[in-house]
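Taking it in order: structure first as structure tokens, then the write-up.
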Amino acid sequence: MKRTGQSPWQSTILIFFFISFFVGFLLPGQARVVREMKQTYQNQDPKDLIRVIKDLQQRKQDLLVEETDVSQKVTQYLRASDDTAAQVSQLQHEATVLSQRTGAVPLAGPGIRITIREQSSGVSPSMLADEDLLLLLNDLWASGAEVISLNGIRLSDSSSVYRAGLNVRVGGKVTRMPLVVDAIGDTENMSKGLQIPGGVLDLLNLRRIGAIVQKVNLLRISD
Amino acid sequence: MVGFVTVCGLVVGIIIGVLRPVHIPAVYSKYVGLALLAGMDSILGGIKGYLKDTFDATVFFSGFLINSLVAALLGYLGDQLGIDLYLAAVVVFGSRMYQNIAIIRRVLLKKEA
């Protein structure tokens with residue numbers, strides 16, 4: 001068919017358009033199927049599949065070991081639950097821990113004492129903020145403090161601590177600066193926890209609030 | 001003009017194909033791929049014929065249909081016989097596409113000159 005008239009020219013254009021449209025229309029579908037096929041295991045490299053299978057076998061082995069451990073623990077717990085004396089001992093231990101936390105019993109032991117002094121006078125006074133105090137207390141709890149007191153006022157799990165003007169309010173009681181924080185617990189851990197670079201002591205130094213940390217062999221915290 | 005229409009047809013087809021993708025079963029994807037290769041070879045052959053004033057619509061259309069079908073059937077037959085016969089179609093159509101592109105390029109360069 002030569003380009004001699006209007007009609008053959010139009011049919012040439014149409015046929016080119018139709019065929020190229022048809023090919024173009026099928027291309028995305030074909031590309032999608034090929035992409036999906038590459039993601040199935042049937043089309044993976046055997047070496048990759050062998051590695052995957054080995055990994056899965058190792059994982060299965062690990063899970064079996066874990067299952068055995070957990071089963072042994074369950075058995076131990078079941079045996080312990082049959083033993084009344086063990087139950088009583090466990091409950092007594094829990095009661096002791098709870099009474100310590102709630103402040104029902106006085107405690108004594110090694111700990112650390114932090115003395116905090118703020119510069120309330122001078123050209124640029126510095127003041128201890130609520131968040132400094134909370135950060136200090138949270139760091140102490142996190143690094144192993146069992147009991148904490150602020151100027152002799154013992155903190156419990158539900159104590160609120162905040163600044164009230166120049167005073168510091170601890171629960172229902174009011175105290176003043178300077179603040180002496182006593183904490184009984186793992187002395188080394190607490191000391192390290194406070195001295196972490198960028199931690200609460202660095203923050204207090206940065207704000208020119210004096211904080212002296214002392215290790216004390218025997219601290220006594222009562223109600 | 002024909003080149004422009006071909007590109008337009010391809011682009012429109014791809015756009016519609018992306019927006020409303022046709023579902024091709026995975027088992028037939030190899031044969032459809034071969035048929036598409038034959039189709040692209042036919043399009044390039046058609047453009048070459050048009051530029052050299054030897055274009056025949058009947059030959060073009062029948063070539064498109066038969067080549068696509070034969071390529072797909074060759075692939076299927078190869079699978080049945082356990083021979084990679086589809087490689088024959090890939091080599092033939094692939095090399096012809098290269099040749100046709102080279103000829104189209106030369107003709108266009110001569111026309112420009």
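We label chains A, B, ... in the order they appear in the structure tokens, count residues from 1 in each chain, and number ligands from 1 in the order shown.
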
Exercise for the section: Report the residues of region 138-215 of chain A whose backbone DSSP state falls under strand (DSSP E or B), written as a count of residues only. Expected result: 33

Handout entry: Residue neighbourhood region 108-113 of chain A, 12 Å, only C-alpha atoms, exclusion window fewer than 3 positions, as a PyMOL selection string
Key = chain A and resi 100+105+116+140+143-152+179-194+211-223

Just write the chosen residues, N, CA and C atoms, as a compact mmCIF listing (two decimals), in the first residue's frame.
# COMPACT_ATOMS: atom_id res chain seq x y z
N GLN A 100 8.45 -1.30 102.09
CA GLN A 100 9.58 -0.38 101.88
C GLN A 100 9.20 0.72 100.91
N VAL A 105 7.95 1.13 106.74
CA VAL A 105 9.00 0.72 107.69
C VAL A 105 10.24 1.59 107.48
N ILE A 116 22.17 20.12 97.55
CA ILE A 116 21.94 21.05 96.44
C ILE A 116 21.77 22.46 97.00
N LEU A 140 17.79 8.81 90.13
CA LEU A 140 18.11 8.02 91.33
C LEU A 140 17.30 6.72 91.35
N SER A 143 18.62 4.36 88.76
CA SER A 143 19.94 3.75 88.98
C SER A 143 19.98 2.92 90.26
N GLY A 144 18.84 2.60 90.78
CA GLY A 144 18.81 1.59 91.85
C GLY A 144 18.51 2.09 93.25
N ALA A 145 17.97 3.30 93.39
CA ALA A 145 17.62 3.78 94.73
C ALA A 145 16.40 3.01 95.24
N GLU A 146 16.48 2.60 96.52
CA GLU A 146 15.34 1.88 97.10
C GLU A 146 14.45 2.83 97.90
N VAL A 147 15.08 3.74 98.58
CA VAL A 147 14.33 4.74 99.35
C VAL A 147 15.01 6.09 99.16
N ILE A 148 14.19 7.15 99.06
CA ILE A 148 14.75 8.49 98.89
C ILE A 148 14.05 9.42 99.87
N SER A 149 14.84 10.34 100.42
CA SER A 149 14.21 11.38 101.26
C SER A 149 14.74 12.74 100.84
N LEU A 150 13.90 13.75 100.99
CA LEU A 150 14.29 15.13 100.70
C LEU A 150 14.23 15.90 102.01
N ASN A 151 15.36 16.35 102.47
CA ASN A 151 15.44 17.04 103.76
C ASN A 151 14.72 16.25 104.84
N GLY A 152 14.92 14.93 104.82
CA GLY A 152 14.34 14.06 105.84
C GLY A 152 12.91 13.63 105.56
N LEU A 179 18.76 21.80 99.69
CA LEU A 179 18.07 20.52 99.70
C LEU A 179 19.09 19.39 99.91
N VAL A 180 18.77 18.52 100.86
CA VAL A 180 19.64 17.36 101.08
C VAL A 180 18.84 16.12 100.66
N VAL A 181 19.33 15.48 99.63
CA VAL A 181 18.63 14.30 99.11
C VAL A 181 19.39 13.07 99.57
N ASP A 182 18.74 12.22 100.36
CA ASP A 182 19.36 10.96 100.79
C ASP A 182 18.73 9.82 100.00
N ALA A 183 19.58 8.93 99.51
CA ALA A 183 19.05 7.78 98.76
C ALA A 183 19.77 6.53 99.22
N ILE A 184 18.99 5.52 99.67
CA ILE A 184 19.58 4.23 100.09
C ILE A 184 19.44 3.27 98.92
N GLY A 185 20.51 2.55 98.64
CA GLY A 185 20.48 1.59 97.53
C GLY A 185 21.89 1.26 97.11
N ASP A 186 22.02 0.84 95.87
CA ASP A 186 23.33 0.49 95.33
C ASP A 186 24.14 1.78 95.13
N THR A 187 25.08 2.01 96.03
CA THR A 187 25.81 3.29 96.04
C THR A 187 26.55 3.54 94.72
N GLU A 188 27.24 2.50 94.26
CA GLU A 188 28.05 2.66 93.04
C GLU A 188 27.17 3.00 91.84
N ASN A 189 26.09 2.23 91.72
CA ASN A 189 25.19 2.44 90.58
C ASN A 189 24.59 3.83 90.59
N MET A 190 24.14 4.24 91.78
CA MET A 190 23.49 5.56 91.87
C MET A 190 24.48 6.67 91.54
N SER A 191 25.72 6.50 92.07
CA SER A 191 26.74 7.51 91.83
C SER A 191 27.05 7.62 90.34
N LYS A 192 27.22 6.44 89.70
CA LYS A 192 27.51 6.43 88.25
C LYS A 192 26.33 6.98 87.46
N GLY A 193 25.13 6.62 87.89
CA GLY A 193 23.93 7.07 87.18
C GLY A 193 23.80 8.58 87.16
N LEU A 194 24.22 9.20 88.28
CA LEU A 194 24.11 10.67 88.34
C LEU A 194 25.21 11.35 87.53
N ALA A 211 25.83 21.09 93.39
CA ALA A 211 25.36 19.78 93.83
C ALA A 211 26.56 18.96 94.27
N ILE A 212 26.58 18.58 95.55
CA ILE A 212 27.69 17.80 96.08
C ILE A 212 27.18 16.39 96.38
N VAL A 213 27.87 15.42 95.79
CA VAL A 213 27.46 14.02 95.98
C VAL A 213 28.43 13.35 96.93
N GLN A 214 27.90 12.75 97.99
CA GLN A 214 28.75 12.05 98.96
C GLN A 214 28.24 10.63 99.13
N LYS A 215 29.19 9.70 99.24
CA LYS A 215 28.79 8.32 99.55
C LYS A 215 28.77 8.18 101.07
N VAL A 216 27.70 7.63 101.58
CA VAL A 216 27.54 7.49 103.04
C VAL A 216 27.37 6.01 103.35
N ASN A 217 28.14 5.55 104.36
CA ASN A 217 28.10 4.12 104.69
C ASN A 217 26.77 3.70 105.31
N LEU A 218 26.22 4.60 106.12
CA LEU A 218 24.95 4.24 106.77
C LEU A 218 24.01 5.43 106.78
N LEU A 219 22.97 5.27 106.05
CA LEU A 219 21.92 6.30 106.04
C LEU A 219 20.68 5.70 106.70
N ARG A 220 19.93 6.53 107.39
CA ARG A 220 18.72 6.03 108.04
C ARG A 220 17.55 6.90 107.57
N ILE A 221 16.59 6.27 106.97
CA ILE A 221 15.41 7.02 106.50
C ILE A 221 14.17 6.43 107.16
N SER A 222 13.48 7.25 107.92
CA SER A 222 12.25 6.78 108.57
C SER A 222 11.06 7.50 107.95
N ASP A 223 9.93 7.42 108.62
CA ASP A 223 8.69 8.02 108.07
C ASP A 223 8.84 9.52 107.87

Handout entry: Non-local contacts of region 16-22 of chain B (12 Å; only C-alpha atoms; under 4 positions in same chain excluded) as a PyMOL selection string
Key = (chain A and resi 21-33) or (chain B and resi 9-12+29+32)

Practice task
Might you pull out every residue within 9 Å of Phe61 (chain B), with only C-alpha atoms counted and same-chain residues fewer than 4 positions away left off, and present them as an MDAnalysis selection string?
Solution key: (chainID A and resid 15:16 19) or (chainID B and resid 42 56:57 65:66)

Exercise for the section: Using only C-alpha atoms, pick whichever of B:Gly63, B:Gly3, B:Gly75, B:Gly13 has the shortest atom-to-atom distance to chain A. Expected result: B:Gly13

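With only C-alpha atoms as the basis for measurement, B:Leu34 is the residue among B:Leu34, B:Arg106, B:Leu44, B:Gly94 that approaches Tyr76 (chain B) most closely.
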
Handout entry: DSSP-assigned alpha helix (DSSP H) among region 139-202 of chain A, expressed as a PyMOL selection string
Key = chain A and resi 139-142+187-194+200-202

Written file, previous selection with N, CA and C atoms, as a short mmCIF file (atom, residue, chain, number, x, y, z; two decimals), in the first residue's frame:
data_model
loop_
_atom_site.label_atom_id
_atom_site.label_comp_id
_atom_site.auth_asym_id
_atom_site.auth_seq_id
_atom_site.Cartn_x
_atom_site.Cartn_y
_atom_site.Cartn_z
N ASP A 139 16.43 9.85 87.99
CA ASP A 139 17.73 9.22 87.76
C ASP A 139 18.12 8.35 88.95
N LEU A 140 17.79 8.81 90.13
CA LEU A 140 18.11 8.02 91.33
C LEU A 140 17.30 6.72 91.35
N TRP A 141 15.99 6.84 91.09
CA TRP A 141 15.16 5.61 91.05
C TRP A 141 15.68 4.67 89.99
N ALA A 142 16.01 5.24 88.80
CA ALA A 142 16.43 4.40 87.67
C ALA A 142 17.77 3.72 87.94
N THR A 187 25.08 2.01 96.03
CA THR A 187 25.81 3.29 96.04
C THR A 187 26.55 3.54 94.72
N GLU A 188 27.24 2.50 94.26
CA GLU A 188 28.05 2.66 93.04
C GLU A 188 27.17 3.00 91.84
N ASN A 189 26.09 2.23 91.72
CA ASN A 189 25.19 2.44 90.58
C ASN A 189 24.59 3.83 90.59
N MET A 190 24.14 4.24 91.78
CA MET A 190 23.49 5.56 91.87
C MET A 190 24.48 6.67 91.54
N SER A 191 25.72 6.50 92.07
CA SER A 191 26.74 7.51 91.83
C SER A 191 27.05 7.62 90.34
N LYS A 192 27.22 6.44 89.70
CA LYS A 192 27.51 6.43 88.25
C LYS A 192 26.33 6.98 87.46
N GLY A 193 25.13 6.62 87.89
CA GLY A 193 23.93 7.07 87.18
C GLY A 193 23.80 8.58 87.16
N LEU A 194 24.22 9.20 88.28
CA LEU A 194 24.11 10.67 88.34
C LEU A 194 25.21 11.35 87.53
N VAL A 200 22.05 14.60 84.98
CA VAL A 200 21.47 15.63 85.83
C VAL A 200 22.54 16.52 86.50
N LEU A 201 23.68 15.92 86.90
CA LEU A 201 24.72 16.73 87.55
C LEU A 201 25.30 17.75 86.57
N ASP A 202 25.53 17.32 85.32
CA ASP A 202 26.03 18.25 84.30
C ASP A 202 25.03 19.39 84.09
#

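In this comparison, which uses only C-alpha atoms, the residue of B:Lys110, B:His23, B:Arg96, B:Arg105 approaching Asp41 (chain B) most closely is B:Arg96.
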
Handout entry: From B:Ile43, B:Leu37, B:Val92, B:Met1, residue lying nearest Phe18 (chain A) [only C-alpha atoms]
Key =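 With only C-alpha atoms as the atom set, the closest residue is B:Ile43.
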
Problem - Polymer residues at most 8 Å from Val107 (chain B), only C-alpha atoms, same-chain spacing of 3 or more positions, as a ChimeraX atom specification - result: /B:51-52,103-104,110-111
